[in-house]
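Chemist: For reference, the file my_file_6.cif (mmCIF, C-alpha atoms) is included below:
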data_model
loop_
_atom_site.label_atom_id
_atom_site.label_comp_id
_atom_site.auth_asym_id
_atom_site.auth_seq_id
_atom_site.Cartn_x
_atom_site.Cartn_y
_atom_site.Cartn_z
CA MET D 17 -43.96 -8.08 -58.75
CA GLN D 18 -40.67 -7.52 -56.99
CA VAL D 19 -40.14 -8.49 -53.37
CA SER D 20 -37.08 -7.65 -51.29
CA MET D 21 -36.16 -9.38 -48.08
CA THR D 22 -33.12 -10.54 -46.19
CA VAL D 23 -32.96 -14.34 -46.22
CA ASN D 24 -30.43 -16.06 -43.99
CA GLY D 25 -28.39 -12.88 -43.80
CA GLN D 26 -28.36 -12.10 -47.52
CA GLN D 27 -30.38 -9.35 -49.15
CA ARG D 28 -32.61 -10.72 -51.92
CA THR D 29 -34.77 -9.01 -54.53
CA ASP D 30 -36.79 -11.35 -56.69
CA GLU D 31 -39.74 -11.40 -59.04
CA VAL D 32 -42.75 -13.27 -57.67
CA GLU D 33 -46.35 -13.75 -58.70
CA PRO D 34 -48.63 -11.88 -56.27
CA ARG D 35 -50.14 -15.20 -55.11
CA THR D 36 -46.76 -16.86 -54.34
CA LEU D 37 -46.59 -18.17 -50.81
CA LEU D 38 -43.42 -17.53 -48.82
CA ALA D 39 -42.87 -21.29 -48.53
CA HIS D 40 -42.91 -21.69 -52.31
CA HIS D 41 -40.68 -18.65 -52.80
CA LEU D 42 -38.10 -20.03 -50.37
CA ARG D 43 -38.17 -23.51 -51.90
CA ASP D 44 -38.74 -22.88 -55.60
CA ASN D 45 -37.10 -19.50 -56.20
CA LEU D 46 -34.31 -19.53 -53.62
CA GLY D 47 -33.62 -23.27 -53.44
CA LEU D 48 -34.00 -23.42 -49.65
CA THR D 49 -35.61 -26.82 -49.53
CA ALA D 50 -35.43 -27.42 -45.78
CA THR D 51 -38.71 -25.49 -45.60
CA ASN D 52 -41.16 -28.34 -46.19
CA ILE D 53 -44.74 -28.08 -47.33
CA GLY D 54 -47.00 -30.58 -45.67
CA CYS D 55 -50.50 -29.14 -45.57
CA ASP D 56 -50.81 -25.59 -46.99
CA SER D 57 -53.15 -24.79 -44.11
CA THR D 58 -50.93 -24.15 -41.02
CA SER D 59 -51.95 -27.51 -39.60
CA CYS D 60 -48.61 -29.29 -39.55
CA GLY D 61 -45.84 -26.71 -39.03
CA ALA D 62 -43.36 -28.32 -41.45
CA CYS D 63 -42.98 -24.94 -43.17
CA THR D 64 -42.12 -22.97 -40.01
CA VAL D 65 -39.54 -20.22 -40.52
CA ILE D 66 -38.61 -17.14 -38.52
CA VAL D 67 -39.68 -13.76 -39.88
CA ASP D 68 -38.48 -10.68 -38.02
CA GLY D 69 -37.84 -12.77 -34.92
CA LEU D 70 -41.22 -14.53 -34.87
CA THR D 71 -41.99 -18.07 -35.93
CA VAL D 72 -44.48 -18.19 -38.79
CA LYS D 73 -45.93 -20.93 -40.91
CA SER D 74 -44.74 -19.88 -44.34
CA CYS D 75 -47.46 -21.81 -46.18
CA THR D 76 -49.97 -19.12 -45.28
CA VAL D 77 -47.83 -16.01 -45.72
CA LEU D 78 -47.54 -14.43 -49.13
CA ALA D 79 -43.98 -13.73 -50.22
CA LEU D 80 -45.02 -10.11 -50.75
CA GLN D 81 -46.01 -9.88 -47.09
CA ALA D 82 -42.36 -10.50 -46.21
CA GLU D 83 -41.29 -7.33 -48.03
CA GLY D 84 -38.38 -5.81 -46.07
CA ALA D 85 -38.37 -8.63 -43.54
CA GLU D 86 -35.54 -10.71 -42.10
CA VAL D 87 -36.33 -14.34 -42.88
CA THR D 88 -34.40 -17.23 -41.36
CA THR D 89 -34.77 -20.81 -42.56
CA LEU D 90 -33.13 -23.92 -41.19
CA GLU D 91 -30.26 -23.37 -43.65
CA GLY D 92 -29.55 -20.03 -41.95
CA LEU D 93 -29.14 -21.35 -38.41
CA ALA D 94 -25.79 -23.10 -38.72
CA GLY D 95 -22.61 -21.10 -38.54
CA PRO D 96 -20.55 -20.34 -41.66
CA ASP D 97 -18.14 -23.13 -40.76
CA GLY D 98 -21.01 -25.60 -40.56
CA GLU D 99 -21.18 -25.59 -36.77
CA LEU D 100 -24.71 -26.53 -35.81
CA HIS D 101 -26.97 -24.10 -33.97
CA PRO D 102 -27.51 -25.32 -30.38
CA VAL D 103 -31.05 -26.50 -31.21
CA GLN D 104 -29.84 -28.41 -34.27
CA ALA D 105 -27.07 -30.01 -32.21
CA ALA D 106 -29.53 -30.97 -29.46
CA PHE D 107 -31.95 -32.54 -31.96
CA ARG D 108 -29.05 -34.58 -33.29
CA ALA D 109 -27.77 -35.59 -29.86
CA GLU D 110 -31.20 -36.46 -28.45
CA HIS D 111 -32.49 -38.21 -31.59
CA GLY D 112 -35.28 -35.67 -31.95
CA LEU D 113 -36.22 -36.88 -35.42
CA GLN D 114 -37.15 -39.99 -37.32
CA CYS D 115 -38.15 -39.56 -40.96
CA GLY D 116 -37.03 -35.92 -40.91
CA PHE D 117 -40.00 -34.36 -42.70
CA CYS D 118 -41.12 -32.27 -39.71
CA THR D 119 -37.62 -31.65 -38.39
CA SER D 120 -36.86 -28.30 -40.01
CA GLY D 121 -40.16 -26.82 -38.88
CA MET D 122 -39.81 -28.36 -35.45
CA VAL D 123 -36.27 -26.96 -35.04
CA MET D 124 -37.40 -23.49 -36.12
CA ALA D 125 -40.38 -23.64 -33.74
CA ALA D 126 -38.03 -24.77 -30.95
CA VAL D 127 -35.75 -21.78 -31.58
CA GLY D 128 -38.83 -19.58 -31.25
CA VAL D 129 -39.86 -21.27 -28.01
CA LEU D 130 -36.39 -20.72 -26.55
CA ALA D 131 -36.26 -17.11 -27.76
CA ASP D 132 -39.44 -16.45 -25.78
CA ASN D 133 -38.54 -18.62 -22.79
CA PRO D 134 -34.88 -19.59 -22.39
CA ASN D 135 -35.60 -21.96 -19.48
CA PRO D 136 -38.86 -23.73 -20.29
CA THR D 137 -40.38 -26.65 -18.43
CA ASP D 138 -41.38 -29.86 -20.19
CA ARG D 139 -44.97 -28.62 -20.31
CA GLU D 140 -43.96 -25.20 -21.69
CA VAL D 141 -41.98 -26.88 -24.48
CA ARG D 142 -44.96 -29.06 -25.37
CA GLU D 143 -47.27 -26.05 -25.39
CA GLY D 144 -44.78 -24.01 -27.41
CA LEU D 145 -44.53 -26.70 -30.06
CA GLU D 146 -48.30 -27.09 -30.42
CA GLY D 147 -49.18 -26.80 -34.06
CA ASN D 148 -46.03 -28.57 -35.21
CA LEU D 149 -46.89 -32.17 -35.91
CA CYS D 150 -44.66 -35.20 -36.04
CA ARG D 151 -46.30 -38.35 -37.27
CA CYS D 152 -43.34 -40.61 -36.39
CA THR D 153 -42.45 -39.88 -32.78
CA GLY D 154 -44.17 -39.58 -29.45
CA TYR D 155 -42.52 -36.15 -29.07
CA HIS D 156 -40.48 -37.35 -26.10
CA ASN D 157 -37.11 -36.98 -27.85
CA ILE D 158 -38.16 -33.69 -29.45
CA VAL D 159 -39.06 -32.22 -26.06
CA ARG D 160 -35.85 -33.62 -24.58
CA ALA D 161 -33.87 -31.99 -27.42
CA VAL D 162 -35.42 -28.58 -26.72
CA LEU D 163 -34.68 -28.91 -23.00
CA THR D 164 -31.10 -29.95 -23.81
CA ALA D 165 -30.72 -26.94 -26.10
CA ALA D 166 -32.01 -24.69 -23.31
CA GLU D 167 -29.21 -25.96 -21.08
CA SER D 168 -26.68 -24.59 -23.56
CA GLY D 169 -27.73 -21.04 -22.67
CA PRO D 170 -29.26 -18.04 -24.43
CA ALA D 171 -27.66 -18.87 -27.78
CA ALA D 172 -30.30 -21.58 -28.23
CA GLY D 173 -32.97 -18.93 -28.79
CA ARG D 174 -30.75 -16.71 -30.91
CA VAL D 175 -31.39 -16.30 -34.62
CA PRO D 176 -28.70 -14.82 -36.88
CA THR D 177 -30.19 -11.57 -38.19
CA SER D 178 -27.51 -10.18 -40.46
CA LYS D 179 -24.62 -11.33 -42.61
CA GLN D 180 -22.22 -10.08 -39.96
CA GLU D 181 -23.87 -12.24 -37.29
CA VAL D 182 -23.96 -15.23 -39.60
CA SER D 183 -20.23 -14.83 -40.20
CA ALA D 184 -19.30 -14.01 -36.60
#
Rewrite the structure from the file as structure tokens, please.
Modeler:
Amino acid sequence: MQVSMTVNGQQRTDEVEPRTLLAHHLRDNLGLTATNIGCDSTSCGACTVIVDGLTVKSCTVLALQAEGAEVTTLEGLAGPDGELHPVQAAFRAEHGLQCGFCTSGMVMAAVGVLADNPNPTDREVREGLEGNLCRCTGYHNIVRAVLTAAESGPAAGRVPTSKQEVSA
């Protein structure tokens, strides 16, 4: 079946099997490998992406369910010149990662947290990231990275939604 969606600012129409999960479509068909698959059951959050402004765990969404949607993966956050999104920059500056497996999902979840609450407390960040697991850290640097990103202003919760915004 055909599915059409906008992925990282670019309109895509692709053939998919009806049972194809969005995570597999992004990775296998579109080559967007920052979306990791850790559990296939929404338990870990490594596959978190943003669909129509909401964070979703793409391992439990069929690609066909994203018909007509705006999908943003980690690859779509950075500017066209490679400038990091404020959350990406904060994760880098605050050492909010270790092995890196959870990082893309954690960054996408953090963008969602900041979109909903641009000035969260430590507790609100921790609650907002529930469901995104990191097996390497104690979450301290991840939480610190989200709080640092929040200090950069409203852009931290902003997701590029069109090619024009990606290029701007």
Chemist: Residues near D:Asp30, anyone? I mean within 9 Å using all atoms listed in the file, not counting same-chain ones fewer than 6 positions away, as a list in words.
Modeler: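 Here the qualifying residues turn out to be Met17, Gln18, Val19, Ser20, Met21 and Asn45 of chain D.
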Chemist: Figure out the distance between atom CA of D:Leu93 and atom CA of D:Pro176, please, to one decimal in Å.
Modeler: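 These two atoms are separated by 6.7 Å.
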Chemist: Within 8 Å of stretch 127-139 of chain D, which residues of stretch 60-87 of chain D show up? Give each one with its shortest atom-to-atom distance in Å (one decimal) and the two atoms involved, counting only C-alpha atoms, rows by chain then rising residue number, as CSV.
Modeler:
residue,atom,partner,partner_atom,distance
D:Ile66,CA,D:Gly128,CA,7.7
D:Gly69,CA,D:Gly128,CA,7.8
D:Leu70,CA,D:Gly128,CA,6.7
D:Thr71,CA,D:Gly128,CA,5.8
Chemist: Please evaluate the PyMOL selection byres ((chain D and resi 52-58) around 10) against the displayed coordinates and give the resulting residues as a list in words.
Modeler: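 What the PyMOL selection byres ((chain D and resi 52-58) around 10) grabs from the file is Leu37, Ala39, His40, Leu42, Arg43, Leu48, Thr49, Ala50, Thr51, Ser59, Cys60, Gly61, Ala62, Cys63, Thr64, Val72, Lys73, Ser74, Cys75, Thr76, Val77, Phe117, Cys118, Thr119, Ser120, Gly121, Gly147, Asn148 and Leu149 of chain D.
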Chemist: Translate the PyMOL selection byres ((chain D and resi 113) around 10) into a concrete residue list for this structure, as a tab-separated table (two decimals) with C-alpha atoms, keeping the file's coordinate frame.
Modeler:
chain	number	residue	atom	x	y	z
D	107	PHE	CA	-31.95	-32.54	-31.96
D	108	ARG	CA	-29.05	-34.58	-33.29
D	110	GLU	CA	-31.20	-36.46	-28.45
D	111	HIS	CA	-32.49	-38.21	-31.59
D	112	GLY	CA	-35.28	-35.67	-31.95
D	114	GLN	CA	-37.15	-39.99	-37.32
D	115	CYS	CA	-38.15	-39.56	-40.96
D	116	GLY	CA	-37.03	-35.92	-40.91
D	117	PHE	CA	-40.00	-34.36	-42.70
D	118	CYS	CA	-41.12	-32.27	-39.71
D	119	THR	CA	-37.62	-31.65	-38.39
D	120	SER	CA	-36.86	-28.30	-40.01
D	122	MET	CA	-39.81	-28.36	-35.45
D	123	VAL	CA	-36.27	-26.96	-35.04
D	150	CYS	CA	-44.66	-35.20	-36.04
D	152	CYS	CA	-43.34	-40.61	-36.39
D	153	THR	CA	-42.45	-39.88	-32.78
D	155	TYR	CA	-42.52	-36.15	-29.07
D	157	ASN	CA	-37.11	-36.98	-27.85
D	158	ILE	CA	-38.16	-33.69	-29.45
D	161	ALA	CA	-33.87	-31.99	-27.42
Chemist: What does the distance between atom CA of D:Asn24 and atom CA of D:Glu86 come to in Å, to one decimal place?
Modeler: 7.6 Å
Chemist: If I take atom CA of D:Val103 and atom CA of D:Ala165, how far is one from the other in Å, to one decimal?
Modeler: 5.1 Å
Chemist: For the structure shown, which residues end up in the PyMOL selection byres ((chain D and resi 102) around 12)? Put them as a compact mmCIF listing (two decimals) with C-alpha atoms, in the coordinates of the input, please?
Modeler:
# COMPACT_ATOMS: atom_id res chain seq x y z
CA LEU D 93 -29.14 -21.35 -38.41
CA ALA D 94 -25.79 -23.10 -38.72
CA GLY D 95 -22.61 -21.10 -38.54
CA GLU D 99 -21.18 -25.59 -36.77
CA LEU D 100 -24.71 -26.53 -35.81
CA HIS D 101 -26.97 -24.10 -33.97
CA VAL D 103 -31.05 -26.50 -31.21
CA GLN D 104 -29.84 -28.41 -34.27
CA ALA D 105 -27.07 -30.01 -32.21
CA ALA D 106 -29.53 -30.97 -29.46
CA PHE D 107 -31.95 -32.54 -31.96
CA ARG D 108 -29.05 -34.58 -33.29
CA ALA D 109 -27.77 -35.59 -29.86
CA GLU D 110 -31.20 -36.46 -28.45
CA VAL D 123 -36.27 -26.96 -35.04
CA MET D 124 -37.40 -23.49 -36.12
CA ALA D 126 -38.03 -24.77 -30.95
CA VAL D 127 -35.75 -21.78 -31.58
CA LEU D 130 -36.39 -20.72 -26.55
CA ALA D 161 -33.87 -31.99 -27.42
CA VAL D 162 -35.42 -28.58 -26.72
CA LEU D 163 -34.68 -28.91 -23.00
CA THR D 164 -31.10 -29.95 -23.81
CA ALA D 165 -30.72 -26.94 -26.10
CA ALA D 166 -32.01 -24.69 -23.31
CA GLU D 167 -29.21 -25.96 -21.08
CA SER D 168 -26.68 -24.59 -23.56
CA GLY D 169 -27.73 -21.04 -22.67
CA PRO D 170 -29.26 -18.04 -24.43
CA ALA D 171 -27.66 -18.87 -27.78
CA ALA D 172 -30.30 -21.58 -28.23
CA GLY D 173 -32.97 -18.93 -28.79
CA ARG D 174 -30.75 -16.71 -30.91
CA VAL D 175 -31.39 -16.30 -34.62
Chemist: Compare D:Ala125, D:Glu33, D:Gly154, D:Asp68 by their minimum atom-to-atom distance to D:Thr88, counting all atoms listed in the file, and give me the closest one.
Modeler: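 Under the stated criterion, the closest residue is D:Asp68.
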